[in-house]
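**Student:** Just query13.pdb, nothing more (PDB, C-alpha atoms and all ligand atoms):
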```pdb
ATOM      1  CA  PRO A   1     -16.311  66.265  19.848  1.00  0.00           C
ATOM      2  CA  PRO A   2     -17.919  65.919  16.407  1.00  0.00           C
ATOM      3  CA  ASP A   3     -19.891  68.740  14.808  1.00  0.00           C
ATOM      4  CA  VAL A   4     -23.406  67.438  15.478  1.00  0.00           C
ATOM      5  CA  GLU A   5     -24.947  69.353  12.560  1.00  0.00           C
ATOM      6  CA  GLN A   6     -22.418  68.257   9.960  1.00  0.00           C
ATOM      7  CA  LEU A   7     -22.427  64.700  11.282  1.00  0.00           C
ATOM      8  CA  GLY A   8     -26.231  64.717  11.141  1.00  0.00           C
ATOM      9  CA  ARG A   9     -26.381  65.928   7.534  1.00  0.00           C
ATOM     10  CA  ALA A  10     -23.800  63.350   6.461  1.00  0.00           C
ATOM     11  CA  THR A  11     -25.532  60.552   8.332  1.00  0.00           C
ATOM     12  CA  TRP A  12     -29.017  61.369   7.021  1.00  0.00           C
ATOM     13  CA  THR A  13     -27.556  61.540   3.502  1.00  0.00           C
ATOM     14  CA  PHE A  14     -26.034  58.097   3.932  1.00  0.00           C
ATOM     15  CA  LEU A  15     -29.148  56.587   5.528  1.00  0.00           C
ATOM     16  CA  HIS A  16     -31.750  58.066   3.147  1.00  0.00           C
ATOM     17  CA  THR A  17     -29.635  57.270   0.086  1.00  0.00           C
ATOM     18  CA  THR A  18     -29.042  53.708   1.262  1.00  0.00           C
ATOM     19  CA  ALA A  19     -32.786  53.302   1.897  1.00  0.00           C
ATOM     20  CA  ALA A  20     -33.623  54.795  -1.520  1.00  0.00           C
ATOM     21  CA  TYR A  21     -31.458  52.163  -3.245  1.00  0.00           C
ATOM     22  CA  TYR A  22     -32.376  49.274  -0.896  1.00  0.00           C
ATOM     23  CA  PRO A  23     -33.963  46.431  -2.884  1.00  0.00           C
ATOM     24  CA  GLU A  24     -37.696  46.220  -3.482  1.00  0.00           C
ATOM     25  CA  ARG A  25     -37.424  42.592  -2.352  1.00  0.00           C
ATOM     26  CA  PRO A  26     -34.395  42.281  -0.075  1.00  0.00           C
ATOM     27  CA  THR A  27     -32.890  38.900   0.719  1.00  0.00           C
ATOM     28  CA  PRO A  28     -32.903  37.730   4.342  1.00  0.00           C
ATOM     29  CA  THR A  29     -29.201  38.672   4.490  1.00  0.00           C
ATOM     30  CA  GLN A  30     -29.898  42.175   3.227  1.00  0.00           C
ATOM     31  CA  ARG A  31     -32.734  42.607   5.736  1.00  0.00           C
ATOM     32  CA  ALA A  32     -30.615  41.357   8.613  1.00  0.00           C
ATOM     33  CA  ASN A  33     -27.779  43.708   7.735  1.00  0.00           C
ATOM     34  CA  MET A  34     -30.067  46.719   7.359  1.00  0.00           C
ATOM     35  CA  LEU A  35     -31.545  45.926  10.766  1.00  0.00           C
ATOM     36  CA  MET A  36     -28.037  45.738  12.237  1.00  0.00           C
ATOM     37  CA  LEU A  37     -27.063  49.021  10.607  1.00  0.00           C
ATOM     38  CA  ILE A  38     -30.071  50.771  12.149  1.00  0.00           C
ATOM     39  CA  ARG A  39     -29.699  49.113  15.537  1.00  0.00           C
ATOM     40  CA  ALA A  40     -26.021  50.038  15.670  1.00  0.00           C
ATOM     41  CA  LEU A  41     -26.856  53.744  15.710  1.00  0.00           C
ATOM     42  CA  PRO A  42     -28.138  53.962  19.297  1.00  0.00           C
ATOM     43  CA  VAL A  43     -24.991  52.081  20.391  1.00  0.00           C
ATOM     44  CA  LEU A  44     -22.338  53.809  18.277  1.00  0.00           C
ATOM     45  CA  TYR A  45     -23.564  57.168  16.955  1.00  0.00           C
ATOM     46  CA  PRO A  46     -21.089  59.723  18.320  1.00  0.00           C
ATOM     47  CA  CYS A  47     -23.693  62.198  19.587  1.00  0.00           C
ATOM     48  CA  THR A  48     -24.809  60.536  22.777  1.00  0.00           C
ATOM     49  CA  HIS A  49     -28.064  62.365  23.382  1.00  0.00           C
ATOM     50  CA  CYS A  50     -28.988  61.932  19.696  1.00  0.00           C
ATOM     51  CA  ALA A  51     -28.215  58.219  19.953  1.00  0.00           C
ATOM     52  CA  ASP A  52     -30.231  57.831  23.164  1.00  0.00           C
ATOM     53  CA  ASP A  53     -33.318  59.580  21.764  1.00  0.00           C
ATOM     54  CA  PHE A  54     -33.070  57.617  18.509  1.00  0.00           C
ATOM     55  CA  GLY A  55     -32.850  54.390  20.528  1.00  0.00           C
ATOM     56  CA  GLU A  56     -36.033  55.300  22.401  1.00  0.00           C
ATOM     57  CA  ASP A  57     -37.794  56.226  19.150  1.00  0.00           C
ATOM     58  CA  ILE A  58     -36.977  52.955  17.383  1.00  0.00           C
ATOM     59  CA  LYS A  59     -38.189  51.001  20.413  1.00  0.00           C
ATOM     60  CA  VAL A  60     -41.611  52.593  19.914  1.00  0.00           C
ATOM     61  CA  ASN A  61     -41.371  52.532  16.100  1.00  0.00           C
ATOM     62  CA  PRO A  62     -39.456  49.403  15.067  1.00  0.00           C
ATOM     63  CA  PRO A  63     -37.642  49.512  11.711  1.00  0.00           C
ATOM     64  CA  ASP A  64     -39.503  48.200   8.663  1.00  0.00           C
ATOM     65  CA  VAL A  65     -36.834  46.581   6.491  1.00  0.00           C
ATOM     66  CA  SER A  66     -39.301  44.687   4.269  1.00  0.00           C
ATOM     67  CA  GLY A  67     -38.469  46.727   1.157  1.00  0.00           C
ATOM     68  CA  ARG A  68     -37.273  50.081  -0.148  1.00  0.00           C
ATOM     69  CA  VAL A  69     -40.629  51.884  -0.101  1.00  0.00           C
ATOM     70  CA  ALA A  70     -41.461  50.893   3.471  1.00  0.00           C
ATOM     71  CA  LEU A  71     -37.905  51.514   4.692  1.00  0.00           C
ATOM     72  CA  SER A  72     -37.702  54.943   3.049  1.00  0.00           C
ATOM     73  CA  ARG A  73     -40.983  55.960   4.657  1.00  0.00           C
ATOM     74  CA  TRP A  74     -40.009  54.609   8.062  1.00  0.00           C
ATOM     75  CA  LEU A  75     -36.718  56.512   7.927  1.00  0.00           C
ATOM     76  CA  CYS A  76     -38.424  59.692   6.748  1.00  0.00           C
ATOM     77  CA  GLU A  77     -40.755  59.491   9.736  1.00  0.00           C
ATOM     78  CA  ARG A  78     -37.835  58.984  12.133  1.00  0.00           C
ATOM     79  CA  HIS A  79     -36.048  61.985  10.618  1.00  0.00           C
ATOM     80  CA  ASN A  80     -39.257  64.008  10.975  1.00  0.00           C
ATOM     81  CA  GLN A  81     -39.362  63.038  14.629  1.00  0.00           C
ATOM     82  CA  VAL A  82     -35.905  64.611  15.015  1.00  0.00           C
ATOM     83  CA  ASN A  83     -36.970  67.629  12.910  1.00  0.00           C
ATOM     84  CA  LYS A  84     -39.899  68.141  15.268  1.00  0.00           C
ATOM     85  CA  LYS A  85     -37.660  67.943  18.322  1.00  0.00           C
ATOM     86  CA  LEU A  86     -35.318  70.523  16.762  1.00  0.00           C
ATOM     87  CA  ARG A  87     -38.277  72.669  15.583  1.00  0.00           C
ATOM     88  CA  LYS A  88     -37.286  72.217  11.959  1.00  0.00           C
ATOM     89  CA  ASP A  89     -39.853  71.936   9.155  1.00  0.00           C
ATOM     90  CA  GLU A  90     -41.453  68.572   8.610  1.00  0.00           C
ATOM     91  CA  PHE A  91     -40.435  66.842   5.355  1.00  0.00           C
ATOM     92  CA  ASP A  92     -43.124  65.501   2.979  1.00  0.00           C
ATOM     93  CA  CYS A  93     -42.491  61.745   3.030  1.00  0.00           C
ATOM     94  CA  THR A  94     -44.059  61.285  -0.431  1.00  0.00           C
ATOM     95  CA  LYS A  95     -40.992  63.165  -1.738  1.00  0.00           C
ATOM     96  CA  THR A  96     -38.198  60.903  -0.447  1.00  0.00           C
ATOM     97  CA  ASP A  97     -37.476  59.329  -3.862  1.00  0.00           C
ATOM     98  CA  GLU A  98     -37.444  62.721  -5.523  1.00  0.00           C
ATOM     99  CA  ARG A  99     -34.953  63.961  -2.931  1.00  0.00           C
ATOM    100  CA  TRP A 100     -32.763  60.908  -2.457  1.00  0.00           C
ATOM    101  CA  ARG A 101     -33.079  58.762  -5.597  1.00  0.00           C
ATOM    102  CA  ASP A 102     -34.465  60.370  -8.713  1.00  0.00           C
ATOM    103  CA  GLY A 103     -33.859  64.051  -8.204  1.00  0.00           C
ATOM    104  CA  PRO A 104     -30.680  66.088  -8.497  1.00  0.00           C
ATOM    105  CA  ASN A 105     -28.472  65.722  -5.418  1.00  0.00           C
ATOM    106  CA  ASP A 106     -26.644  68.505  -3.638  1.00  0.00           C
TER     107      ASP A 106
HETATM  108  P1  LIG T 201     -30.916  67.583   8.151  1.00  0.00           P
HETATM  109  O1  LIG T 201     -31.969  67.453   9.174  1.00  0.00           O
HETATM  110  O2  LIG T 201     -29.559  67.064   8.418  1.00  0.00           O
HETATM  111  O3  LIG T 201     -31.454  67.078   6.767  1.00  0.00           O
HETATM  112  C1  LIG T 201     -30.624  67.009   5.601  1.00  0.00           C
HETATM  113  C2  LIG T 201     -31.527  67.039   4.382  1.00  0.00           C
HETATM  114  O4  LIG T 201     -32.404  65.930   4.430  1.00  0.00           O
HETATM  115  C3  LIG T 201     -32.457  68.237   4.334  1.00  0.00           C
HETATM  116  O5  LIG T 201     -31.862  69.324   3.731  1.00  0.00           O
HETATM  117  C4  LIG T 201     -33.639  67.708   3.538  1.00  0.00           C
HETATM  118  O6  LIG T 201     -33.407  67.829   2.150  1.00  0.00           O
HETATM  119  C5  LIG T 201     -33.663  66.246   3.860  1.00  0.00           C
HETATM  120  N1  LIG T 201     -34.683  65.883   4.847  1.00  0.00           N
HETATM  121  C6  LIG T 201     -35.115  66.579   5.922  1.00  0.00           C
HETATM  122  N2  LIG T 201     -36.026  65.891   6.607  1.00  0.00           N
HETATM  123  C7  LIG T 201     -36.181  64.716   5.950  1.00  0.00           C
HETATM  124  C8  LIG T 201     -36.993  63.577   6.175  1.00  0.00           C
HETATM  125  N3  LIG T 201     -37.823  63.509   7.219  1.00  0.00           N
HETATM  126  N4  LIG T 201     -36.908  62.554   5.317  1.00  0.00           N
HETATM  127  C9  LIG T 201     -36.067  62.620   4.254  1.00  0.00           C
HETATM  128  N5  LIG T 201     -35.263  63.657   3.974  1.00  0.00           N
HETATM  129  C10 LIG T 201     -35.321  64.696   4.828  1.00  0.00           C
HETATM  130  N6  LIG T 201     -29.266  66.957  16.192  1.00  0.00           N
HETATM  131  C11 LIG T 201     -29.505  67.498  17.411  1.00  0.00           C
HETATM  132  O7  LIG T 201     -29.182  68.674  17.619  1.00  0.00           O
HETATM  133  N7  LIG T 201     -30.125  66.778  18.396  1.00  0.00           N
HETATM  134  C12 LIG T 201     -30.489  65.487  18.222  1.00  0.00           C
HETATM  135  O8  LIG T 201     -31.022  64.847  19.130  1.00  0.00           O
HETATM  136  C13 LIG T 201     -30.225  64.877  16.950  1.00  0.00           C
HETATM  137  N8  LIG T 201     -30.521  63.569  16.733  1.00  0.00           N
HETATM  138  C14 LIG T 201     -30.147  62.992  15.554  1.00  0.00           C
HETATM  139  C15 LIG T 201     -30.373  61.627  15.376  1.00  0.00           C
HETATM  140  C16 LIG T 201     -29.947  60.994  14.230  1.00  0.00           C
HETATM  141  C17 LIG T 201     -30.182  59.511  14.067  1.00  0.00           C
HETATM  142  C18 LIG T 201     -29.288  61.743  13.212  1.00  0.00           C
HETATM  143  C19 LIG T 201     -28.803  61.063  11.967  1.00  0.00           C
HETATM  144  C20 LIG T 201     -29.080  63.097  13.380  1.00  0.00           C
HETATM  145  C21 LIG T 201     -29.501  63.748  14.539  1.00  0.00           C
HETATM  146  N9  LIG T 201     -29.300  65.109  14.741  1.00  0.00           N
HETATM  147  C22 LIG T 201     -29.594  65.666  15.951  1.00  0.00           C
HETATM  148  C23 LIG T 201     -28.811  65.987  13.638  1.00  0.00           C
HETATM  149  C24 LIG T 201     -29.991  66.710  12.970  1.00  0.00           C
HETATM  150  O9  LIG T 201     -31.032  65.780  12.614  1.00  0.00           O
HETATM  151  C25 LIG T 201     -29.578  67.428  11.669  1.00  0.00           C
HETATM  152  O10 LIG T 201     -28.870  66.531  10.832  1.00  0.00           O
HETATM  153  C26 LIG T 201     -28.717  68.668  11.876  1.00  0.00           C
HETATM  154  O11 LIG T 201     -29.349  69.538  12.792  1.00  0.00           O
HETATM  155  C27 LIG T 201     -28.495  69.404  10.540  1.00  0.00           C
HETATM  156  O12 LIG T 201     -29.773  69.788  10.056  1.00  0.00           O
HETATM  157  P2  LIG T 201     -30.072  70.357   8.634  1.00  0.00           P
HETATM  158  O13 LIG T 201     -31.130  71.405   8.832  1.00  0.00           O
HETATM  159  O14 LIG T 201     -28.838  70.719   7.910  1.00  0.00           O
HETATM  160  O15 LIG T 201     -30.777  69.177   7.812  1.00  0.00           O
END
```
So, in terms of structure tokens, how does the structure I just supplied come out?

**Tutor:**
Amino acid sequence: PPDVEQLGRATWTFLHTTAAYYPERPTPTQRANMLMLIRALPVLYPCTHCADDFGEDIKVNPPDVSGRVALSRWLCERHNQVNKKLRKDEFDCTKTDERWRDGPND
């Protein structure tokens, strides 16, 4: 089975970075594909209980793919939901660009 921690770090890196560089004004095609990418996670993410909980969360909090700012915030809030469940520190969602776009990456 996959290492859930390493998989999680890699996946959040991919998702937050993709959101940080998502267009300000995405085309309908870009929006549709982002929606598919997000909706694929509950179906395909290879940590079943993670996938199930994420699926429940996005039912209550549907993805906002209208533009990079809204998407980055939405994703930050979803990640914070997981942080809360795992009793990790909450991330300041005003700092997503600094972390994932402008700032130095690790
Ligand atoms: P991560 O939580 O992986 O975060 C990586 C980096 O992202 C942090 O160092 C920080 O710089 C930044 N960051 C942190 N919070 C935010 C935020 N809110 N917004 C933007 N950037 C942020 N693990 C489980 O054990 N159980 C689960 O149910 C579970 N569900 C998951 C669901 C999904 C969709 C994903 C992608 C992962 C899930 N994970 C789950 C994995 C878990 O979220 C962590 O990735 C893993 O525990 C490693 O944590 P970490 O402390 O290294 O940092």

**Student:** At a cut-off of 12 Å around the point (-38.9, 56.7, 8.6) (file coordinates), what residues fall inside when counting only C-alpha atoms? I'd like the answer as a PDB file with C-alpha atoms, keeping the file's coordinate frame.

**Tutor:**
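Writing done, so here's result32.pdb:
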```pdb
ATOM      1  CA  TRP A  12     -29.017  61.369   7.021  1.00  0.00           C
ATOM      2  CA  LEU A  15     -29.148  56.587   5.528  1.00  0.00           C
ATOM      3  CA  HIS A  16     -31.750  58.066   3.147  1.00  0.00           C
ATOM      4  CA  ALA A  19     -32.786  53.302   1.897  1.00  0.00           C
ATOM      5  CA  ALA A  20     -33.623  54.795  -1.520  1.00  0.00           C
ATOM      6  CA  ILE A  38     -30.071  50.771  12.149  1.00  0.00           C
ATOM      7  CA  PHE A  54     -33.070  57.617  18.509  1.00  0.00           C
ATOM      8  CA  ASP A  57     -37.794  56.226  19.150  1.00  0.00           C
ATOM      9  CA  ILE A  58     -36.977  52.955  17.383  1.00  0.00           C
ATOM     10  CA  ASN A  61     -41.371  52.532  16.100  1.00  0.00           C
ATOM     11  CA  PRO A  62     -39.456  49.403  15.067  1.00  0.00           C
ATOM     12  CA  PRO A  63     -37.642  49.512  11.711  1.00  0.00           C
ATOM     13  CA  ASP A  64     -39.503  48.200   8.663  1.00  0.00           C
ATOM     14  CA  VAL A  65     -36.834  46.581   6.491  1.00  0.00           C
ATOM     15  CA  ARG A  68     -37.273  50.081  -0.148  1.00  0.00           C
ATOM     16  CA  VAL A  69     -40.629  51.884  -0.101  1.00  0.00           C
ATOM     17  CA  ALA A  70     -41.461  50.893   3.471  1.00  0.00           C
ATOM     18  CA  LEU A  71     -37.905  51.514   4.692  1.00  0.00           C
ATOM     19  CA  SER A  72     -37.702  54.943   3.049  1.00  0.00           C
ATOM     20  CA  ARG A  73     -40.983  55.960   4.657  1.00  0.00           C
ATOM     21  CA  TRP A  74     -40.009  54.609   8.062  1.00  0.00           C
ATOM     22  CA  LEU A  75     -36.718  56.512   7.927  1.00  0.00           C
ATOM     23  CA  CYS A  76     -38.424  59.692   6.748  1.00  0.00           C
ATOM     24  CA  GLU A  77     -40.755  59.491   9.736  1.00  0.00           C
ATOM     25  CA  ARG A  78     -37.835  58.984  12.133  1.00  0.00           C
ATOM     26  CA  HIS A  79     -36.048  61.985  10.618  1.00  0.00           C
ATOM     27  CA  ASN A  80     -39.257  64.008  10.975  1.00  0.00           C
ATOM     28  CA  GLN A  81     -39.362  63.038  14.629  1.00  0.00           C
ATOM     29  CA  VAL A  82     -35.905  64.611  15.015  1.00  0.00           C
ATOM     30  CA  ASN A  83     -36.970  67.629  12.910  1.00  0.00           C
ATOM     31  CA  PHE A  91     -40.435  66.842   5.355  1.00  0.00           C
ATOM     32  CA  ASP A  92     -43.124  65.501   2.979  1.00  0.00           C
ATOM     33  CA  CYS A  93     -42.491  61.745   3.030  1.00  0.00           C
ATOM     34  CA  THR A  94     -44.059  61.285  -0.431  1.00  0.00           C
ATOM     35  CA  THR A  96     -38.198  60.903  -0.447  1.00  0.00           C
TER      36      THR A  96
END
```

**Student:** Nearest to Pro1 of chain A: which of A:Asp97, A:Thr48, A:Asp89, A:Arg25 is it, counting only C-alpha atoms?

**Tutor:** A:Thr48

**Student:** Please compute the atom CA of Tyr45 of chain A-atom O1 of ligand LIG 201 (chain T) distance, one decimal, in Å.

**Tutor:**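 Those two atoms sit 15.4 Å apart.
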
**Student:** Just how far from atom CA of Thr27 of chain A is atom C16 of ligand LIG 201 (chain T), in Å to one decimal?

**Tutor:** 26.1 Å

**Student:** To one decimal place, how far is atom CA of Pro23 of chain A from atom O13 of ligand LIG 201 (chain T) in Å?

**Tutor:**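 Separation of atom CA of Pro23 of chain A and atom O13 of ligand LIG 201 (chain T): 27.7 Å.
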
**Student:** Using all atoms listed in the file, which of the listed residues (A:His49, A:Lys59, A:Arg39, A:Arg31) sits closest to ligand LIG 201 (chain T)?

**Tutor:** A:His49

**Student:** Between A:Ala32, A:Lys88, A:Tyr22, A:Gly8, single out the one closest to Ala51 of chain A, counting only C-alpha atoms.

**Tutor:** A:Gly8

**Student:** Counting only C-alpha atoms, which residues have an atom no more than 12 Å from (-28.4, 70.3, 13.3) in the file's coordinates? Please list them as a list of chain:residue names.

**Tutor:**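 All residues meeting the 12 Å criterion around (-28.4, 70.3, 13.3) are A:Pro2, A:Asp3, A:Val4, A:Glu5, A:Gln6, A:Leu7, A:Gly8, A:Arg9, A:Ala10, A:Thr11, A:Trp12, A:Cys47, A:Cys50, A:His79, A:Val82, A:Asn83, A:Lys84, A:Lys85, A:Leu86, A:Arg87, A:Lys88.
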
**Student:** From the set A:Glu90, A:Glu24, A:Glu56, A:Glu98, which residue has the shortest atom-to-atom contact distance to ligand LIG 201 (chain T), counting only C-alpha atoms and all ligand atoms?

**Tutor:**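 For ligand LIG 201 (chain T), the nearest of the candidates is A:Glu90.
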
**Student:** Taking all listed atoms of ligand LIG 201 (chain T), build the axis-aligned box, pad each of the six sides by 3 Å, then write its centre and edge lengths in Å to one decimal as JSON.

**Tutor:**
```
{"center_x": -33.2, "center_y": 65.5, "center_z": 10.6, "size_x": 15.3, "size_y": 17.9, "size_z": 23.0}
```

**Student:** Kindly indicate which residue among A:Leu35, A:Gly103, A:Pro42, A:Gly67 lies nearest to ligand LIG 201 (chain T), using all atoms listed in the file for the distances.

**Tutor:**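 Looking at the shortest contact to ligand LIG 201 (chain T), the residue is A:Pro42.
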
**Student:** Which residue out of A:Lys95, A:Leu37, A:Ser66, A:Tyr21 has the minimum interatomic distance to ligand LIG 201 (chain T) when only C-alpha atoms and all ligand atoms are used?

**Tutor:** A:Lys95
